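What follows is a short report on a single structure.
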There are 4 protein chains.
Amino acid sequence: MAMIGGGPGSFIGPVHRMAAELDGAVRLVAGAFSRDEARTQSAGRDYGLEPNRVYSDYRQLLERERREADGADFVAIVTPNDSHFPVARAALDSGFHVICDKPATATLSEAIGLAEIVRRSQPLYALTYTYTGYPLVREARDLCHRRELGQVRKIVVGYTQGWLSERIETSGQRQAVWRTDPAQAGIGGCIADIGVHAFNLLEYVTGLRVTEVCAELSTMVAGRALDDDCNVLLRLDNGARAVLHSTQIAAGERNRLQIWVHCERGSIAWAQENPNRLEVLVLNRPAMTLHAGETYLGPSARAATRLPGGHPEGYIEAFANIYRDFAADLTRRATDPTAQLSPTLCGIDAGLRGMRFVECAIASSSNGSAWTRLNE
Amino acid sequence: MAMIGGGPGSFIGPVHRMAAELDGAVRLVAGAFSRDEARTQSAGRDYGLEPNRVYSDYRQLLERERREADGADFVAIVTPNDSHFPVARAALDSGFHVICDKPATATLSEAIGLAEIVRRSQPLYALTYTYTGYPLVREARDLCHRRELGQVRKIVVGYTQGWLSERIETSGQRQAVWRTDPAQAGIGGCIADIGVHAFNLLEYVTGLRVTEVCAELSTMVAGRALDDDCNVLLRLDNGARAVLHSTQIAAGERNRLQIWVHCERGSIAWAQENPNRLEVLVLNRPAMTLHAGETYLGPSARAATRLPGGHPEGYIEAFANIYRDFAADLTRRATDPTAQLSPTLCGIDAGLRGMRFVECAIASSSNGSAWTRLNE
Amino acid sequence: MAMIGGGPGSFIGPVHRMAAELDGAVRLVAGAFSRDEARTQSAGRDYGLEPNRVYSDYRQLLERERREADGADFVAIVTPNDSHFPVARAALDSGFHVICDKPATATLSEAIGLAEIVRRSQPLYALTYTYTGYPLVREARDLCHRRELGQVRKIVVGYTQGWLSERIETSGQRQAVWRTDPAQAGIGGCIADIGVHAFNLLEYVTGLRVTEVCAELSTMVAGRALDDDCNVLLRLDNGARAVLHSTQIAAGERNRLQIWVHCERGSIAWAQENPNRLEVLVLNRPAMTLHAGETYLGPSARAATRLPGGHPEGYIEAFANIYRDFAADLTRRATDPTAQLSPTLCGIDAGLRGMRFVECAIASSSNGSAWTRLNE
Amino acid sequence: MAMIGGGPGSFIGPVHRMAAELDGAVRLVAGAFSRDEARTQSAGRDYGLEPNRVYSDYRQLLERERREADGADFVAIVTPNDSHFPVARAALDSGFHVICDKPATATLSEAIGLAEIVRRSQPLYALTYTYTGYPLVREARDLCHRRELGQVRKIVVGYTQGWLSERIETSGQRQAVWRTDPAQAGIGGCIADIGVHAFNLLEYVTGLRVTEVCAELSTMVAGRALDDDCNVLLRLDNGARAVLHSTQIAAGERNRLQIWVHCERGSIAWAQENPNRLEVLVLNRPAMTLHAGETYLGPSARAATRLPGGHPEGYIEAFANIYRDFAADLTRRATDPTAQLSPTLCGIDAGLRGMRFVECAIASSSNGSAWTRLNE
């Protein structure tokens, strides 16, 4: 694996490295961590790489790693959003498989272009929608897909953070700087940074498709160019209704992503900050709590834990589950050129859905919260 | 106190009796529990009343109790929504003070009429918005009103029930029958039954006013005439944004009313099913949990508990707090004819706000979820 | 009902009044609240009694109320522990039924004497072990008694308070003064005040009997005459083992009474500070949570709630359940002189068990924590 | 790093590998995973090692790795308890630093012998008392050591598992087989497997020393040779009292390790199954909850997280914190031969304390739960 982005000060770069290597099937061997030579080499040392596998130009990385006998076989893209598309395109053009931070691209038109490339060349292309790596998210998905609780009728999904409550981007906080800058983040702020996680979780867990949105995006902290608070009503393809709210200005909150799915005969609830439990409510029955690592879980959830029940796994392990599935896909692809992405992973379709959602929510919001069609 | 409504099979009638009498300052002395003579007398026996103080016609009750030396000094109205207005008007016309189940009336025009009567004759008129009786709701309110955490920016309030997941009104479940019948419930189903509780809680706690709503009301259980699921975006008079969702078809849920208020420097969270705690998050500080009955609480919260910390009080005690405040108001009014309703109580203004919200949400929903002005 | 004790400043007196009257079947009609005439009359006014039914001498109360046509039919004893025995004896001798705060008496020998009186004259005699009134404690008991989860193997019960962390008895805090004074509290401090609640809960829920104890009682706050911290190992009659710990010096804690019962095929857990839920764990099955007010509960638990699920009831309602059962017993006794105390209530046997436990724990502690037999 | 033990079917071997490599400072390069050649090679492949670095005889590993230029610089011992001592002694004799699974040895006399070797040759020797790696355990420790809440008065520590509720060792469950076999596990069952974790956590967090124990160890599942349930009263060197209970027969429980430390002015509580939060109660103040990853935490806790607040880390990360500190110690030792083990780590002293506790508890239990001195 080669990493592009993730240089000094990056939050997500080291997470990708830890997650990728956790299960022993993947090793980071090369990287273009920064366009600045000193910074990329500094990061390379931190990642434990040989200097000659550390680049300041990702195109150079792609070219050389492609030719090396022991070159990287896939590329992980962890740059700010505005580079996702050009880097992914270049990597795919060079014949690499790609794993990329969400969102897939900075704009919908880029996403459509990328989808076209992926459809044509059929690489393995996955997005690290981290929360889909949690075992109990996968259990929730299996429960929904099996329709054991009947049809889904109502979903509430919220993603609540507080770290942008103050205008910290003006004092140089690196994560805040690029996320609040339209040039680097794209057209969406909170909606593209975390709203899209909530949207993806909703579609991932329920297996339903959002068909229309009615959104209001706001900028609550004065002086900010992009939205930092998003409230959305949604309609789904089976007639269900949903509410999605995401915010980054909920002072004191950490990273509270929660989803409730209400079906005809029961409900399920999951919360990222306490991820190893899934609540399952059934009409007129005692409430149930499913715990990660237990034998009564389905195969997807069981495959996504390393430890027995009561030994908490967390965000890094969820991330690692995505890499683990991706590594297994690479192995299958090595012998079967038609092998596709595991159904547990989010590929370009989810990426395209996410970008459509972001653009659709922004359009609705700009248009007086009018119900706006979210096309396929 | 005399009760109108609350006959055999009533849920809320006995709650009013327990709540009213809990603190020893009020006693139920008369009632018109049912229009059926046998039923009203049966209820009267259950309530421990003398048969000659039990009526089948509320007008008769009003007339006689007014003349009795030891007659009731106020009337509690616990009938289905459609009677709230005529009964309240008659009681007020007879010179009684009134405490009434929410909503104030079945329609907005009735509410406007009632407000006019109340403004003219200046009785004590209170609505039992039960959840405003919880000590930590009052603490939350004091926290918000003092603006210690800065301005409110975002509110999420949800009221989630599951008891109408199936069409139990067709099998005669008494509570379901009238709530799903437009003739008895009025124009709103879920929105008027519990959505209005969520709305009132939002305005009560924050002290802000909702100015516009964008709503989608749905009927998820086929065959039902009124809405059973409501999702609403809201704008507030200080520029804050809010989401309100209420549902009665969340199978397996009980009575999950929750509110999160996010301010500039911190957030507060309260949940009705675990009501004796209030979470207070402050930016970059340890999370705090305030517990009922503790000495560090403000005077409103301290006045609303009977027991030291760690001794749970619940729904009946919250209800009793409303009666306690109302009884204190009656005592003050006895010597001071200008004494007004305690600020802890919800009076006709809150009732009128609630009805405006219901009509406004229905109007918005009928009009493609267009943003609709909620007038004063 | 007549109350003895519970004068100005009492915590538990008003609780008894509220609990007794909550369900409408009992009314406080007389009281001897204090030996001081002014204080007893002041309390009488607060309780809403006629002055001629308010006494300063409990013997006078017993004599007069016995003779009155509408005199009290039972006596509630809420004095400090040292008076429990003489007052109960006098009341029983006067032909009253008795409901008494725990512990039954101040010493074991008094308890043996009282038990003899009760056995002889067969009154209805009940102790307000409050926590046995919670619906989910009764559900836990039914679960254990039915042995659905197999034999009990291990119990952990803890009762943790912090209000005596400082020596507040020296500054006149009324509750602390008598509880830390051997002359009023008896030979046990924490062990007799709350340790005995934990012990009773253990035997009540499991239906097992403790046969031996190994205890260490300590006084952690210097200058205090009685224990304020108790740690006890226990052996039960079926071979099970248990740990009981109670403390009043856990600074910052409120009233955390918790019990875990581990059986062959599952475990149950209940906590007083969140009393409307019961956790039931079954080997290799999803964890279950039972909620008060739900239809799937057994008849004991269902009979002990007034409200549907999700409407919290608390300490007063639990207390009221004891009074409700006692009132039902009184009604049955009125027509059937052989009617005995409901099995949901704790009578003189539980009182005697409690006193044996207190004395046994103190003896063990004084004897180097030697295992000490707890006789029948 | 070379690993000894951890072959096919091992739970803890792969955990050590993941934990050691997580932060990029350590790499597994050799191993003697099993005495069986095929099995050790199979494990070696799973761990991604070159076959020539995989051994079936740990002595051979020690000899060769010592001579290799790029040989392992320390050994991780993950065998069943009975081998801990001989393997550690051999590794230390060969000049390796050692990191070893708890307990240090199978018997106290072995531990004394090992301590003598460690004192003499001054290697870096650490035990993986996993739970001491959690950031909030380290915060709790700092809070206690700073005495901000005053002196410790009372501790309750419980470790509750249910996986040995049935006699699964007879059906070949690998983890159960050796843990219930005195020949492999040593003289203690539950007390040595998890009781010692609870004991270590108590001493680690409080900085106090246990001076006396009064214990009852039981075997609740018939046919088992070692204890599976342990209840212990403890006295501490500052006069504090404690209760320690551990069990493996609590059917339905997972891995519930919890500690409550009650001090003069406040209390702290931590639970392993929800490890990213620490409750801090202060007398007459709102309860506080500290969350991992937040800036208000002390340096020890902050150094032990990789992610911002709200991104859960778990058991593997806690484990990795031990390796990370150990790796830092190795680095310091490389330039400073007097560099000692980090104070955050548990070394031979903690190992010796643990074995003394196990033997002392067994002795007390065999002697009628007599208070038994736990020597230095």
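As shown in the structure tokens, the chain order sets the letters A, B, ...; within each chain, residues go from 1, and ligands are also counted from 1 in the order they appear.
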Task: Contacts of Leu234 of chain B at 12 Å (only C-alpha atoms; same-chain gap of 5+ positions) as an MDAnalysis selection string - done: (chainID A and resid 215:216 230:233 369) or (chainID B and resid 153:157 199 202:203 208:216 239:245 357 360:361 364 369:374)
Task: Close residues, Glu116 of chain D itself excluded, 12 Å, only C-alpha atoms, min 5 positions apart in chain, as a PyMOL selection string - done: chain D and resi 89+92+109-111+121-123+348-349+352
Open item on the list: For a quick check of understanding, using only C-alpha atoms, which of B:Ala115, B:Ile316, B:Ala287, B:Leu236 has the smallest distance to chain A?
Closed with: B:Ala287
TODO: Select residues of chain A: the criterion is any atom within 8 Å of an atom of chain D, counting only C-alpha atoms; output as number ranges by chain.
DONE: A: 11, 18, 21-24, 47-48, 254-256, 272-275, 307, 309-316
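Excluding segment 131-143 of chain D itself and any same-chain residue fewer than 2 positions from it, the protein and nucleic acid residues within 7 Å of it, counting only C-alpha atoms, are Tyr129, His145, Arg146, Arg147, Glu148, Leu201, Tyr204, Val205, Thr206, Asn276, Arg277, Leu278, Ala292, Gly298, Ser300, Ala301, Ala304, Thr305, Ala318, Phe319, Asn321 and Ile322 of chain D.
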TODO: Would you please extract all strand (DSSP E) residues from segment 156-361 of chain B, as assigned by DSSP on the backbone, and give them as a PyMOL selection string?
DONE: chain B and resi 156-161+210-218+229-236+241-247+255-263+266-271+277-282+287-291
Which of segment 255-330 of chain C fall in helix (DSSP H, G or I), as a compact mmCIF listing (two decimals) with N, CA, C and O atoms, in the first residue's frame:
# COMPACT_ATOMS: atom_id res chain seq x y z
N PRO C 299 -47.49 -10.75 36.93
CA PRO C 299 -48.58 -10.05 37.63
C PRO C 299 -48.12 -9.20 38.80
O PRO C 299 -48.69 -8.12 39.04
N SER C 300 -47.09 -9.60 39.54
CA SER C 300 -46.65 -8.79 40.69
C SER C 300 -46.16 -7.43 40.20
O SER C 300 -46.49 -6.39 40.78
N ALA C 301 -45.34 -7.46 39.18
CA ALA C 301 -44.80 -6.20 38.67
C ALA C 301 -45.89 -5.36 38.04
O ALA C 301 -45.94 -4.13 38.21
N ARG C 302 -46.77 -6.01 37.31
CA ARG C 302 -47.84 -5.24 36.65
C ARG C 302 -48.75 -4.58 37.68
O ARG C 302 -49.22 -3.46 37.49
N ALA C 303 -48.99 -5.29 38.78
CA ALA C 303 -49.87 -4.73 39.81
C ALA C 303 -49.22 -3.57 40.54
O ALA C 303 -49.88 -2.84 41.27
N TYR C 315 -39.68 6.50 43.93
CA TYR C 315 -39.59 6.09 45.33
C TYR C 315 -40.93 6.20 46.04
O TYR C 315 -41.33 5.30 46.78
N ILE C 316 -41.65 7.28 45.80
CA ILE C 316 -42.94 7.46 46.48
C ILE C 316 -43.92 6.39 46.02
O ILE C 316 -44.66 5.81 46.82
N GLU C 317 -43.92 6.09 44.73
CA GLU C 317 -44.82 5.07 44.21
C GLU C 317 -44.45 3.69 44.75
O GLU C 317 -45.32 2.86 45.02
N ALA C 318 -43.13 3.42 44.88
CA ALA C 318 -42.72 2.14 45.47
C ALA C 318 -43.22 2.05 46.90
O ALA C 318 -43.75 1.01 47.34
N PHE C 319 -43.08 3.12 47.62
CA PHE C 319 -43.56 3.19 49.00
C PHE C 319 -45.08 2.98 49.02
O PHE C 319 -45.63 2.26 49.86
N ALA C 320 -45.74 3.63 48.06
CA ALA C 320 -47.20 3.53 48.00
C ALA C 320 -47.65 2.11 47.69
O ALA C 320 -48.74 1.69 48.12
N ASN C 321 -46.84 1.36 46.96
CA ASN C 321 -47.20 -0.03 46.68
C ASN C 321 -47.28 -0.85 47.97
O ASN C 321 -48.11 -1.75 48.09
N ILE C 322 -46.41 -0.53 48.90
CA ILE C 322 -46.45 -1.23 50.19
C ILE C 322 -47.75 -0.87 50.91
O ILE C 322 -48.46 -1.75 51.42
N TYR C 323 -48.08 0.39 50.91
CA TYR C 323 -49.34 0.80 51.55
C TYR C 323 -50.54 0.21 50.82
O TYR C 323 -51.54 -0.15 51.43
N ARG C 324 -50.47 0.16 49.52
CA ARG C 324 -51.60 -0.37 48.76
C ARG C 324 -51.85 -1.83 49.11
O ARG C 324 -53.00 -2.24 49.33
N ASP C 325 -50.75 -2.60 49.16
CA ASP C 325 -50.91 -4.00 49.53
C ASP C 325 -51.42 -4.13 50.97
O ASP C 325 -52.25 -5.00 51.27
N PHE C 326 -50.91 -3.28 51.83
CA PHE C 326 -51.32 -3.33 53.23
C PHE C 326 -52.82 -2.97 53.35
O PHE C 326 -53.57 -3.62 54.10
N ALA C 327 -53.24 -1.98 52.60
CA ALA C 327 -54.65 -1.59 52.64
C ALA C 327 -55.54 -2.72 52.12
O ALA C 327 -56.62 -2.98 52.66
N ALA C 328 -55.06 -3.41 51.10
CA ALA C 328 -55.82 -4.55 50.58
C ALA C 328 -55.90 -5.64 51.63
O ALA C 328 -56.94 -6.30 51.80
N ASP C 329 -54.81 -5.83 52.37
CA ASP C 329 -54.83 -6.83 53.45
C ASP C 329 -55.83 -6.45 54.54
O ASP C 329 -56.54 -7.30 55.07
N LEU C 330 -55.86 -5.17 54.85
CA LEU C 330 -56.82 -4.69 55.86
C LEU C 330 -58.25 -4.98 55.41
O LEU C 330 -59.09 -5.40 56.20
Task: Proximity to Asp229 of chain C - best of C:Gly347, C:Ala185, C:Ser365, C:Val177, only C-alpha atoms - done: C:Ser365
Open item on the list: For Gly6 of chain D, find every residue with an atom within 6 Å (counting only C-alpha atoms), except residues of its own chain fewer than 6 positions away, and show them as a PyMOL selection string.
Closed with: chain D and resi 13+33+78
Can you pull out every residue within 8 Å of Ile249 of chain D, counting only C-alpha atoms, but drop anything in the same chain fewer than 4 positions away, and send it as a JSON list (two decimals) with C-alpha atoms, in the first residue's frame?
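Ended up saving to result_24.json:
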[["chain", "number", "residue", "atom", "x", "y", "z"],
["C", 262, "HIS", "CA", -26.05, -14.68, 39.15],
["C", 264, "GLU", "CA", -26.76, -21.08, 36.54],
["D", 161, "GLN", "CA", -17.28, -12.92, 33.81],
["D", 162, "GLY", "CA", -19.67, -15.66, 32.84],
["D", 163, "TRP", "CA", -17.81, -17.75, 30.30],
["D", 164, "LEU", "CA", -17.05, -20.56, 32.80],
["D", 165, "SER", "CA", -20.69, -20.85, 33.94],
["D", 166, "GLU", "CA", -20.76, -24.28, 32.37],
["D", 220, "MET", "CA", -19.36, -23.28, 42.06],
["D", 221, "VAL", "CA", -19.28, -25.57, 39.04],
["D", 228, "ASP", "CA", -14.20, -20.06, 39.96],
["D", 229, "ASP", "CA", -15.60, -17.48, 42.38]]
